[in-house]
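**Student:** TSV, C-alpha atoms and all ligand atoms, saved as protein.tsv, coming up:
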```
chain	number	residue	atom	x	y	z
C	20	MET	CA	241.28	91.27	91.87
C	21	GLY	CA	239.38	93.23	94.54
C	22	LYS	CA	240.92	96.23	96.23
C	23	VAL	CA	242.57	96.09	99.64
C	24	ALA	CA	241.68	98.62	102.34
C	25	LEU	CA	243.18	99.29	105.75
C	26	ILE	CA	240.87	100.92	108.31
C	27	THR	CA	242.14	102.37	111.57
C	28	GLY	CA	239.31	102.78	114.09
C	29	ILE	CA	237.41	99.81	112.63
C	30	THR	CA	235.87	99.03	116.05
C	31	GLY	CA	234.24	102.49	116.25
C	32	GLN	CA	230.86	103.65	114.98
C	33	ASP	CA	232.14	104.76	111.56
C	34	GLY	CA	234.74	102.02	111.12
C	35	SER	CA	232.12	99.31	111.54
C	36	TYR	CA	229.80	100.79	108.89
C	37	LEU	CA	232.71	101.48	106.54
C	38	SER	CA	233.95	97.90	106.83
C	39	GLU	CA	230.49	96.58	105.94
C	40	LEU	CA	230.29	98.93	102.96
C	41	LEU	CA	233.73	97.94	101.60
C	42	LEU	CA	233.10	94.20	102.14
C	43	SER	CA	229.84	94.57	100.18
C	44	LYS	CA	231.89	96.05	97.32
C	45	GLY	CA	234.25	93.05	97.25
C	46	TYR	CA	237.15	94.68	99.13
C	47	GLU	CA	239.59	92.78	101.31
C	48	VAL	CA	239.35	94.76	104.56
C	49	HIS	CA	242.08	94.95	107.17
C	50	GLY	CA	241.27	96.63	110.46
C	51	VAL	CA	243.51	97.89	113.24
C	52	ILE	CA	242.27	97.21	116.75
C	53	ARG	CA	243.96	98.17	119.98
C	54	ARG	CA	244.50	95.96	122.94
C	55	SER	CA	241.84	96.43	125.60
C	56	SER	CA	241.06	94.67	128.86
C	57	TRP	CA	237.53	93.89	127.65
C	58	PRO	CA	236.31	92.98	124.15
C	59	ASN	CA	236.06	96.08	121.94
C	60	THR	CA	234.86	94.34	118.77
C	61	GLY	CA	231.10	94.39	119.53
C	62	ARG	CA	230.33	96.56	116.50
C	63	ILE	CA	232.18	94.33	114.02
C	64	ASP	CA	231.51	90.87	115.45
C	65	LYS	CA	228.88	90.09	112.84
C	66	THR	CA	231.36	90.68	110.01
C	67	PHE	CA	233.71	88.05	111.50
C	68	ASP	CA	232.25	85.35	109.38
C	69	PRO	CA	234.72	82.74	108.09
C	70	GLU	CA	233.68	83.59	104.53
C	71	SER	CA	234.21	87.33	104.98
C	72	LYS	CA	237.37	89.04	103.83
C	73	GLN	CA	237.75	91.09	107.02
C	74	TYR	CA	241.06	90.66	108.85
C	75	ILE	CA	241.99	92.17	112.19
C	76	HIS	CA	245.44	93.21	113.42
C	77	TYR	CA	246.58	94.68	116.72
C	78	GLY	CA	248.01	98.17	116.48
C	79	ASP	CA	247.88	101.61	118.02
C	80	LEU	CA	248.37	105.07	116.56
C	81	SER	CA	250.77	105.84	119.40
C	82	ASP	CA	252.99	103.08	118.02
C	83	GLY	CA	252.58	103.64	114.30
C	84	ILE	CA	251.37	101.07	111.77
C	85	ASP	CA	254.38	100.80	109.43
C	86	ASP	CA	254.61	97.00	109.67
C	87	LEU	CA	250.98	96.69	108.64
C	88	LEU	CA	251.35	99.16	105.80
C	89	TYR	CA	254.35	97.19	104.57
C	90	SER	CA	252.79	93.74	104.80
C	91	ILE	CA	249.32	94.70	103.54
C	92	GLN	CA	250.36	97.30	100.88
C	93	PRO	CA	246.79	98.66	100.88
C	94	ASP	CA	245.18	100.45	97.94
C	95	GLU	CA	243.30	102.67	100.40
C	96	VAL	CA	243.91	103.70	104.02
C	97	TYR	CA	240.98	105.17	105.94
C	98	ASN	CA	242.30	106.82	109.10
C	99	LEU	CA	239.29	106.87	111.42
C	100	ALA	CA	241.11	106.15	114.69
C	101	ALA	CA	241.02	108.99	117.18
C	102	MET	CA	240.32	110.08	120.70
C	103	SER	CA	236.99	111.31	119.37
C	104	HIS	CA	235.30	112.88	122.42
C	105	VAL	CA	235.57	116.68	122.46
C	106	LYS	CA	234.89	117.18	126.17
C	107	ILE	CA	237.32	114.43	127.18
C	108	SER	CA	239.99	116.10	125.02
C	109	PHE	CA	240.08	118.88	127.65
C	110	ASP	CA	240.93	116.21	130.26
C	111	VAL	CA	243.57	114.43	128.14
C	112	PRO	CA	244.88	117.11	125.77
C	113	ILE	CA	248.36	115.64	125.39
C	114	TYR	CA	247.13	112.14	124.65
C	115	THR	CA	244.59	113.65	122.22
C	116	SER	CA	247.36	115.47	120.37
C	117	GLU	CA	249.52	112.34	120.37
C	118	ILE	CA	246.83	110.25	118.66
C	119	ASN	CA	244.81	112.75	116.62
C	120	ALA	CA	247.78	114.80	115.39
C	121	VAL	CA	251.14	113.01	115.72
C	122	GLY	CA	249.45	109.64	115.08
C	123	VAL	CA	248.36	110.89	111.65
C	124	CYS	CA	251.91	112.05	110.92
C	125	ARG	CA	253.14	108.52	111.70
C	126	ILE	CA	250.80	107.04	109.06
C	127	LEU	CA	251.58	109.62	106.39
C	128	GLU	CA	255.31	109.22	106.99
C	129	GLY	CA	254.89	105.45	106.87
C	130	ILE	CA	253.22	105.64	103.46
C	131	ARG	CA	255.93	107.96	102.17
C	132	LYS	CA	258.97	106.15	103.56
C	133	LEU	CA	257.76	102.72	102.50
C	134	GLY	CA	257.51	103.94	98.90
C	135	LEU	CA	253.70	103.60	98.81
C	136	ALA	CA	253.02	107.20	97.77
C	137	LYS	CA	252.04	106.18	94.23
C	138	LYS	CA	249.95	103.17	95.29
C	139	THR	CA	248.14	103.98	98.51
C	140	LYS	CA	245.31	106.51	98.78
C	141	PHE	CA	244.84	108.10	102.21
C	142	TYR	CA	241.65	109.38	103.84
C	143	GLN	CA	241.80	111.59	106.94
C	144	ALA	CA	238.76	111.86	109.24
C	145	SER	CA	238.70	115.62	109.64
C	146	SER	CA	235.95	117.31	111.59
C	147	SER	CA	233.56	120.26	111.65
C	148	GLU	CA	234.88	120.82	115.20
C	149	MET	CA	237.81	122.52	113.38
C	150	PHE	CA	235.48	125.42	112.49
C	151	GLY	CA	235.01	126.10	116.19
C	152	ILE	CA	233.55	129.54	116.73
C	153	THR	CA	233.30	130.50	113.03
C	154	PRO	CA	229.63	131.40	112.48
C	155	PRO	CA	227.52	129.11	110.27
C	156	PRO	CA	227.08	128.10	107.52
C	157	GLN	CA	230.53	126.51	107.17
C	158	ASN	CA	232.01	125.16	103.95
C	159	GLU	CA	235.46	124.29	102.54
C	160	ASN	CA	236.37	128.00	102.37
C	161	SER	CA	235.33	128.96	105.90
C	162	VAL	CA	237.92	130.00	108.47
C	163	PHE	CA	239.04	127.35	110.94
C	164	ASN	CA	238.79	128.58	114.54
C	165	PRO	CA	239.05	125.51	116.80
C	166	VAL	CA	238.53	125.96	120.54
C	167	SER	CA	239.17	122.45	121.90
C	168	PRO	CA	242.31	120.28	122.09
C	169	TYR	CA	240.42	117.83	119.85
C	170	GLY	CA	239.69	120.52	117.23
C	171	CYS	CA	243.26	121.83	117.31
C	172	ALA	CA	244.76	118.35	116.87
C	173	LYS	CA	242.37	117.59	113.99
C	174	LEU	CA	243.35	120.86	112.31
C	175	TYR	CA	247.04	119.88	112.42
C	176	SER	CA	246.18	116.60	110.69
C	177	TYR	CA	243.99	118.34	108.14
C	178	HIS	CA	246.89	120.58	107.11
C	179	LEU	CA	249.41	117.75	107.24
C	180	THR	CA	247.24	115.70	104.88
C	181	ARG	CA	247.15	118.63	102.44
C	182	SER	CA	250.86	119.12	102.76
C	183	TYR	CA	251.68	115.46	101.94
C	184	ARG	CA	249.35	115.80	98.95
C	185	SER	CA	251.09	118.89	97.58
C	186	GLY	CA	254.64	118.02	98.67
C	187	TYR	CA	254.88	114.31	97.86
C	188	GLY	CA	252.03	113.80	95.39
C	189	LEU	CA	250.14	111.47	97.72
C	190	PHE	CA	246.47	110.86	97.00
C	191	ALA	CA	245.57	112.26	100.43
C	192	ALA	CA	242.04	113.56	101.04
C	193	ASN	CA	240.19	115.16	103.93
C	194	GLY	CA	236.52	114.65	104.67
C	195	ILE	CA	235.34	117.48	106.93
C	196	LEU	CA	232.47	115.59	108.45
C	197	PHE	CA	229.77	117.25	110.53
C	198	ASN	CA	228.24	115.31	113.45
C	199	HIS	CA	226.90	111.93	112.45
C	200	GLU	CA	225.15	109.50	114.70
C	201	SER	CA	223.51	106.08	114.52
C	202	GLU	CA	222.22	103.12	116.46
C	203	ARG	CA	225.91	102.33	117.06
C	204	ARG	CA	226.89	105.77	118.40
C	205	GLY	CA	229.07	105.75	121.53
C	206	VAL	CA	226.92	106.14	124.65
C	207	ASN	CA	228.62	109.31	125.91
C	208	PHE	CA	227.87	111.44	122.84
C	209	VAL	CA	224.81	113.60	123.41
C	210	THR	CA	222.35	112.01	120.96
C	211	ARG	CA	222.89	108.43	122.14
C	212	LYS	CA	223.09	109.53	125.76
C	213	ILE	CA	219.61	111.03	125.31
C	214	THR	CA	217.97	108.19	123.34
C	215	ARG	CA	219.35	105.52	125.67
C	216	ALA	CA	218.42	107.36	128.88
C	217	ALA	CA	214.93	108.22	127.59
C	218	CYS	CA	214.28	104.55	126.72
C	219	ARG	CA	215.50	103.48	130.15
C	220	ILE	CA	213.20	106.10	131.76
C	221	LYS	CA	210.29	104.85	129.62
C	222	LEU	CA	210.87	101.27	130.76
C	223	GLY	CA	211.41	102.21	134.41
C	224	LEU	CA	215.15	101.50	134.62
C	225	GLN	CA	216.25	105.09	135.23
C	226	ASP	CA	214.68	108.26	136.54
C	227	THR	CA	216.87	111.21	135.57
C	228	LEU	CA	219.00	112.37	132.65
C	229	ARG	CA	221.75	114.90	133.40
C	230	LEU	CA	222.92	117.10	130.54
C	231	GLY	CA	225.09	120.18	129.92
C	232	ASN	CA	224.51	122.93	127.34
C	233	LEU	CA	221.18	122.49	125.54
C	234	ASP	CA	221.59	125.59	123.35
C	235	ALA	CA	224.41	124.31	121.13
C	236	LYS	CA	223.38	123.68	117.52
C	237	ARG	CA	224.57	120.72	115.51
C	238	ASP	CA	224.12	119.48	111.95
C	239	TRP	CA	223.32	115.80	112.59
C	240	GLY	CA	223.33	113.11	109.89
C	241	HIS	CA	223.51	109.30	109.86
C	242	SER	CA	226.89	107.56	109.90
C	243	LYS	CA	225.95	105.15	107.08
C	244	ASP	CA	225.31	108.06	104.71
C	245	TYR	CA	228.63	109.62	105.71
C	246	MET	CA	230.59	106.42	105.12
C	247	ARG	CA	229.14	106.34	101.59
C	248	ALA	CA	230.52	109.87	101.20
C	249	ILE	CA	234.05	109.03	102.32
C	250	TYR	CA	234.16	106.03	100.00
C	251	MET	CA	233.20	108.36	97.13
C	252	ILE	CA	235.90	110.83	98.21
C	253	LEU	CA	238.63	108.22	97.70
C	254	GLN	CA	237.17	107.08	94.34
C	255	HIS	CA	237.26	110.59	92.82
C	256	GLU	CA	240.00	111.11	90.24
C	257	THR	CA	241.80	113.75	92.29
C	258	PRO	CA	242.43	114.11	96.02
C	259	ASP	CA	240.64	117.04	97.64
C	260	ASP	CA	238.94	118.32	100.82
C	261	TRP	CA	235.20	117.90	101.21
C	262	VAL	CA	232.54	119.08	103.66
C	263	VAL	CA	229.98	116.36	104.42
C	264	SER	CA	226.79	117.56	106.15
C	265	THR	CA	222.99	117.60	105.89
C	266	GLY	CA	222.55	121.38	105.71
C	267	GLU	CA	220.08	121.34	108.60
C	268	THR	CA	220.83	122.37	112.16
C	269	HIS	CA	219.05	121.68	115.48
C	270	THR	CA	219.74	122.57	119.08
C	271	VAL	CA	220.47	119.84	121.60
C	272	ARG	CA	217.17	120.91	123.21
C	273	GLU	CA	215.29	120.17	119.96
C	274	PHE	CA	216.87	116.71	119.78
C	275	LEU	CA	215.90	116.11	123.40
C	276	GLU	CA	212.31	117.30	122.85
C	277	SER	CA	211.91	115.10	119.76
C	278	VAL	CA	212.98	112.04	121.75
C	279	PHE	CA	210.75	112.70	124.77
C	280	GLU	CA	207.80	113.53	122.51
C	281	TYR	CA	208.23	110.33	120.52
C	282	LEU	CA	208.31	108.28	123.71
C	283	GLU	CA	205.49	110.33	125.27
C	284	ILE	CA	207.30	111.13	128.51
C	285	PRO	CA	207.37	114.54	130.24
C	286	MET	CA	210.83	116.08	129.87
C	287	GLU	CA	210.59	118.49	132.84
C	288	LYS	CA	210.18	115.61	135.28
C	289	HIS	CA	213.35	113.83	134.25
C	290	VAL	CA	215.97	116.21	132.76
C	291	ILE	CA	218.47	117.99	135.02
C	292	ILE	CA	221.03	120.54	133.86
C	293	ASP	CA	224.40	119.58	135.29
C	294	GLU	CA	227.26	122.09	135.02
C	295	SER	CA	229.81	119.27	135.04
C	296	PHE	CA	228.76	118.31	131.50
C	297	LYS	CA	229.58	121.80	130.17
C	298	ARG	CA	232.93	122.42	128.44
C	299	PRO	CA	235.63	125.07	129.07
C	300	ASN	CA	234.93	126.26	125.51
C	301	GLU	CA	231.85	125.47	123.47
C	302	VAL	CA	231.33	125.36	119.72
C	303	PRO	CA	227.99	127.20	119.59
C	304	ALA	CA	226.65	126.41	116.13
C	305	LEU	CA	227.50	124.06	113.28
C	306	LEU	CA	225.65	124.01	109.98
C	307	GLY	CA	227.45	122.57	106.98
C	308	ASP	CA	227.17	123.65	103.37
C	309	SER	CA	227.95	120.48	101.40
C	310	THR	CA	227.22	121.91	97.95
C	311	LYS	CA	230.66	120.81	96.69
C	312	ILE	CA	230.32	117.08	97.38
C	313	GLN	CA	226.69	117.13	96.26
C	314	THR	CA	227.45	118.74	92.90
C	315	VAL	CA	230.87	117.22	92.10
C	316	LEU	CA	230.44	113.70	93.48
C	317	GLY	CA	226.64	113.45	93.46
C	318	TRP	CA	226.50	112.50	97.15
C	319	LYS	CA	223.29	113.18	99.10
C	320	PRO	CA	222.29	112.29	102.66
C	321	GLU	CA	219.34	109.88	102.74
C	322	VAL	CA	218.41	109.77	106.45
C	323	SER	CA	216.52	112.85	107.72
C	324	PHE	CA	216.76	114.26	111.26
C	325	LYS	CA	213.36	112.77	112.10
C	326	GLN	CA	214.32	109.35	110.75
C	327	LEU	CA	217.63	109.45	112.66
C	328	VAL	CA	215.82	110.13	115.94
C	329	LYS	CA	213.37	107.29	115.26
C	330	LEU	CA	216.07	104.78	114.24
C	331	MET	CA	218.08	105.49	117.38
C	332	ILE	CA	215.07	105.26	119.72
C	333	ASP	CA	213.70	102.07	118.16
C	334	SER	CA	217.10	100.41	118.47
C	335	ASP	CA	217.58	101.55	122.08
C	336	LEU	CA	214.08	100.40	123.05
C	337	LYS	CA	215.03	96.89	121.91
C	338	GLU	CA	218.38	97.02	123.69
C	339	VAL	CA	216.87	98.29	126.95
C	340	ALA	CA	214.07	95.68	126.80
C	341	LEU	CA	216.78	92.97	126.67
C	342	GLU	CA	218.38	94.57	129.73
C	343	LEU	CA	215.05	94.14	131.53
C	344	LEU	CA	215.10	90.40	130.85
C	345	LYS	CA	218.50	89.95	132.53
C	401	LIG	P1	234.50	106.35	117.69
C	401	LIG	O1	233.24	105.55	117.65
C	401	LIG	O2	234.92	106.95	118.98
C	401	LIG	O3	235.68	105.41	117.15
C	401	LIG	C1	237.03	105.77	117.31
C	401	LIG	C2	237.89	104.59	116.91
C	401	LIG	O4	239.28	104.93	117.09
C	401	LIG	C3	237.66	103.31	117.75
C	401	LIG	O5	237.78	102.20	116.90
C	401	LIG	C4	238.80	103.36	118.75
C	401	LIG	O6	239.15	102.11	119.29
C	401	LIG	C5	239.91	103.88	117.83
C	401	LIG	N1	241.05	104.42	118.57
C	401	LIG	C6	241.04	105.33	119.54
C	401	LIG	N2	242.29	105.58	119.96
C	401	LIG	C7	243.11	104.79	119.23
C	401	LIG	C8	244.50	104.56	119.21
C	401	LIG	N3	245.32	105.18	120.05
C	401	LIG	N4	245.01	103.67	118.32
C	401	LIG	C9	244.19	102.99	117.49
C	401	LIG	N5	242.85	103.15	117.47
C	401	LIG	C10	242.32	104.04	118.34
C	401	LIG	O7	234.45	107.53	116.64
C	401	LIG	P2	233.58	107.67	115.28
C	401	LIG	O8	232.37	108.46	115.59
C	401	LIG	O9	233.46	106.35	114.62
C	401	LIG	O10	234.52	108.63	114.43
C	401	LIG	C11	235.48	108.12	113.52
C	401	LIG	C12	236.49	109.22	113.17
C	401	LIG	O11	235.82	110.32	112.58
C	401	LIG	C13	237.24	109.80	114.36
C	401	LIG	O12	238.53	110.13	113.91
C	401	LIG	C14	236.47	111.06	114.69
C	401	LIG	O13	237.30	111.98	115.36
C	401	LIG	C15	236.07	111.51	113.31
C	401	LIG	N6	234.85	112.32	113.22
C	401	LIG	C16	233.68	111.83	113.76
C	401	LIG	C17	232.51	112.57	113.61
C	401	LIG	C18	231.21	112.07	114.19
C	401	LIG	O14	230.29	112.90	114.35
C	401	LIG	N7	231.06	110.78	114.48
C	401	LIG	C19	232.55	113.79	112.91
C	401	LIG	C20	233.74	114.22	112.36
C	401	LIG	C21	234.90	113.47	112.50
C	401	LIG	P3	238.33	101.47	120.55
C	401	LIG	O15	237.08	100.87	119.97
C	401	LIG	O16	239.28	100.48	121.09
C	401	LIG	O17	238.01	102.62	121.47
C	402	LIG	N1	228.58	114.55	125.10
C	402	LIG	C1	227.70	115.38	125.69
C	402	LIG	N2	227.16	115.03	126.90
C	402	LIG	N3	227.37	116.55	125.07
C	402	LIG	C2	226.47	117.35	125.67
C	402	LIG	C3	225.86	117.03	126.89
C	402	LIG	C4	226.24	115.82	127.55
C	402	LIG	O1	225.77	115.47	128.62
C	402	LIG	N4	225.00	118.02	127.21
C	402	LIG	C5	225.04	118.92	126.24
C	402	LIG	N5	225.94	118.53	125.29
C	402	LIG	C6	226.29	119.29	124.08
C	402	LIG	C7	227.79	119.53	123.92
C	402	LIG	O2	228.21	120.62	124.77
C	402	LIG	C8	227.86	119.84	122.43
C	402	LIG	O3	227.56	121.19	122.20
C	402	LIG	C9	226.74	118.99	121.83
C	402	LIG	O4	225.94	118.55	122.93
C	402	LIG	C10	227.24	117.78	121.05
C	402	LIG	O5	228.15	117.06	121.87
C	402	LIG	P1	228.72	115.62	121.43
C	402	LIG	O6	227.60	114.72	121.08
C	402	LIG	O7	229.67	115.18	122.48
C	402	LIG	O8	229.44	115.93	120.04
C	402	LIG	P2	230.50	117.08	119.62
C	402	LIG	O9	229.81	118.01	118.70
C	402	LIG	O10	231.19	117.65	120.78
C	402	LIG	O11	231.58	116.21	118.83
C	402	LIG	C11	231.16	115.23	117.85
C	402	LIG	O12	231.08	115.83	116.59
C	402	LIG	C12	232.34	116.30	116.05
C	402	LIG	C13	232.02	116.93	114.68
C	402	LIG	O13	231.50	118.18	114.84
C	402	LIG	C14	232.18	114.08	117.91
C	402	LIG	O14	231.68	113.02	117.15
C	402	LIG	C15	233.52	114.50	117.33
C	402	LIG	O15	234.37	113.34	117.21
C	402	LIG	C16	233.27	115.12	115.94
C	402	LIG	O16	234.49	115.50	115.34
```
Mind turning the file's structure into structure tokens?

**Tutor:**
Amino acid sequence: MGKVALITGITGQDGSYLSELLLSKGYEVHGVIRRSSWPNTGRIDKTFDPESKQYIHYGDLSDGIDDLLYSIQPDEVYNLAAMSHVKISFDVPIYTSEINAVGVCRILEGIRKLGLAKKTKFYQASSSEMFGITPPPQNENSVFNPVSPYGCAKLYSYHLTRSYRSGYGLFAANGILFNHESERRGVNFVTRKITRAACRIKLGLQDTLRLGNLDAKRDWGHSKDYMRAIYMILQHETPDDWVVSTGETHTVREFLESVFEYLEIPMEKHVIIDESFKRPNEVPALLGDSTKIQTVLGWKPEVSFKQLVKLMIDSDLKEVALELLK
């Protein structure tokens, strides 16, 4: 019989790719979606085929998912749900802590109290934002120095995951993932904001693009590669903590230049620096050293920075062209 997985955050960028990956491996996939006033399943609609083994349940990390854990008795839980926007976490720090920290405690406690500790493996979506102002390169042994409510809440969950592993023998693993993007990236993260706006400028639908700090450096990979990594993390014989990154870093300015160059539009005419997009605290530079996962699990990223930029632009050009037809 195939394995059963429960994914929180299935409607997000990562959740949608992970669901596709697990379905392709014969898994029965259960996803938690939250109630919204407008459809939030756009990224997973194509996997809602009557033949597919993807099942959707309403739930929220503020409520806990004990009933689902009990009825589904999953082999693997991937906790991807989060308030995932760093800048917005400064606006809603308490909500961010409630979901990204206490929400994770609810799931771990659920697994423990329901007697699933021996059956259910748990994956926590930890983040390179936890390194904060620690200078690069960052690996599993680097000091955590978070400077945002998001980073602080994620660090709580990182440690809680380790503590349920050591205290209760849970197979509980952390992936410390560096920034990863895709054609499905949320439109208010910097890469997608840039590719989408530049395509709209190219096709005459928009004139300006307002951005904050262009000097920050990020290690950007593709979400599909990173979902392959987290699957491998839960298949390893022992639970552990793993950095997942490309080992290459670029400034936001370099990303921006690559996009405008590719589309052959002059940047100076269209880009405006807007202080309101800057953060109270910034993480200046992220560059991951993923030697551990590459040597122990044999994982490697396949999509290069250049390919990522191209994939995102080509997809946005198509999307914006459809907008023009409306
Ligand atoms: P995303 O696109 O923003 O997806 C977040 C998901 O969480 C969505 O499905 C969202 O539902 C769901 N969610 C939010 N609040 C919830 C709540 N209260 N209860 C239940 N579900 C809730 O983020 P992503 O890029 O796929 O990232 C996935 C996870 O990896 C997140 O935990 C993120 O913090 C972490 N992470 C991401 C990166 C990255 O660069 N992408 C790097 C490191 C770690 P709606 O669709 O209804 O909003
Ligand atoms: N979003 C955004 N919007 N960021 C901007 C803008 C803007 O207009 N202008 C400049 N930036 C800069 C930010 O200040 C930051 O330094 C960088 O672009 C990347 O911002 P985001 O794309 O919002 O990503 P992030 O690095 O803050 O957070 C992402 O990566 C984390 C892992 O390091 C998110 O996916 C988090 O969920 C994830 O944990």

**Student:** Distance limit 7 Å, reference ligand LIG 402 (chain C), atoms considered: only C-alpha atoms and all ligand atoms. Which residues make the cut? Give them as a ChimeraX atom specification.

**Tutor:** /C:103-106,146-148,196-199,207-210,212,229-233,235-237,271,296-298,301-303

**Student:** Would you compute the distance between CA of Leu133 (chain C) and CA of Tyr187 (chain C)? Give it in Å to one decimal.

**Tutor:** 12.8 Å

**Student:** Extending 8 Å beyond the listed atoms of region 158-177 of chain C on each side, what axis-aligned box results? I want centre and edge lengths in Å to one decimal, as lines of an AutoDock Vina configuration file.

**Tutor:**
```
center_x = 239.5
center_y = 123.3
center_z = 112.2
size_x = 31.0
size_y = 29.4
size_z = 35.7
```

**Student:** Report the distance between CA of Leu42 (chain C) and CA of His76 (chain C) in Å, rounded to one decimal place.

**Tutor:**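 Atom-to-atom, CA of Leu42 (chain C) to CA of His76 (chain C), that is 16.7 Å.
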
**Student:** In Å to one decimal, how far is CA of Phe150 (chain C) from CA of Gly170 (chain C)?

**Tutor:**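 Distance between the two atoms: 8.0 Å.
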
**Student:** For a quick check of understanding, using only C-alpha atoms, which of C:Pro93, C:Gly151, C:Gly61, C:Pro168 has the smallest distance to Val111 (chain C)?

**Tutor:**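 The answer is C:Pro168, which sits nearest to Val111 (chain C).
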
**Student:** Select, from C:His241, C:His289, C:Arg247, C:Lys337, the residue with the minimum atom-to-atom distance to Arg204 (chain C), counting all atoms listed in the file.

**Tutor:**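 The answer is C:His241, which sits nearest to Arg204 (chain C).
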
**Student:** Find the spatial neighbours of Ser55 (chain C), counting all atoms listed in the file, within a cut-off of 12 Å - ignore same-chain residues fewer than 5 positions away - and output them as a ChimeraX atom specification.

**Tutor:** /C:30,60,77-79

**Student:** When distances are computed from all atoms listed in the file, which of C:Tyr250, C:Phe141, C:Phe109, C:Trp239 shows the smallest separation from ligand LIG 401 (chain C)?

**Tutor:**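 Selected residue with least distance to ligand LIG 401 (chain C): C:Trp239.
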
**Student:** Measuring between all atoms listed in the file, which one of C:Phe163, C:Trp261, C:Tyr36, C:Phe274 shows the shortest distance to ligand LIG 401 (chain C)?

**Tutor:**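 Closest to ligand LIG 401 (chain C) of all the choices is C:Tyr36.
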
**Student:** If we count all atoms listed in the file, what is near Thr180 (chain C) at a cut-off of 12 Å, once residues fewer than 4 positions away on the same chain are taken out, given as an NGL selection string?

**Tutor:** :C and (98 or 120-121 or 123-128 or 130-131 or 140-145 or 173-176 or 184-194 or 258-260)

**Student:** My list of candidates is C:Arg54, C:His255, C:Lys221, C:His178. Which is closest to ligand LIG 401 (chain C) when distances are computed with all atoms listed in the file?

**Tutor:**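 Ranked by minimum distance to ligand LIG 401 (chain C), first place goes to C:Arg54.
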
**Student:** Check the smallest atom-to-atom distance from each of C:Arg203, C:Lys319, C:Lys44, C:Lys22 to Gly266 (chain C) using all atoms listed in the file, then report the winner.

**Tutor:**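 Closest candidate: C:Lys319.
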
**Student:** Could you list as a ChimeraX atom specification every residue that has an atom within 12 Å of (210.3, 98.8, 124.9), using the file's coordinates and counting all atoms listed in the file?

**Tutor:** /C:215,217-224,282,332-344

**Student:** What's the 10 Å shell around Gln92 (chain C), counting all atoms listed in the file, without same-chain residues fewer than 4 positions away, as number ranges by chain?

**Tutor:** C: 23-25, 86-88, 96, 130, 133-135, 138-139

**Student:** Could you save the residues just selected, with C-alpha atoms, as a PDB file, in the coordinates of the input?

**Tutor:**
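In the end it all went to selection.pdb:
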```pdb
ATOM      1  CA  VAL C  23     242.570  96.090  99.640  1.00  0.00           C
ATOM      2  CA  ALA C  24     241.680  98.620 102.340  1.00  0.00           C
ATOM      3  CA  LEU C  25     243.180  99.290 105.750  1.00  0.00           C
ATOM      4  CA  ASP C  86     254.610  97.000 109.670  1.00  0.00           C
ATOM      5  CA  LEU C  87     250.980  96.690 108.640  1.00  0.00           C
ATOM      6  CA  LEU C  88     251.350  99.160 105.800  1.00  0.00           C
ATOM      7  CA  VAL C  96     243.910 103.700 104.020  1.00  0.00           C
ATOM      8  CA  ILE C 130     253.220 105.640 103.460  1.00  0.00           C
ATOM      9  CA  LEU C 133     257.760 102.720 102.500  1.00  0.00           C
ATOM     10  CA  GLY C 134     257.510 103.940  98.900  1.00  0.00           C
ATOM     11  CA  LEU C 135     253.700 103.600  98.810  1.00  0.00           C
ATOM     12  CA  LYS C 138     249.950 103.170  95.290  1.00  0.00           C
ATOM     13  CA  THR C 139     248.140 103.980  98.510  1.00  0.00           C
TER      14      THR C 139
END
```
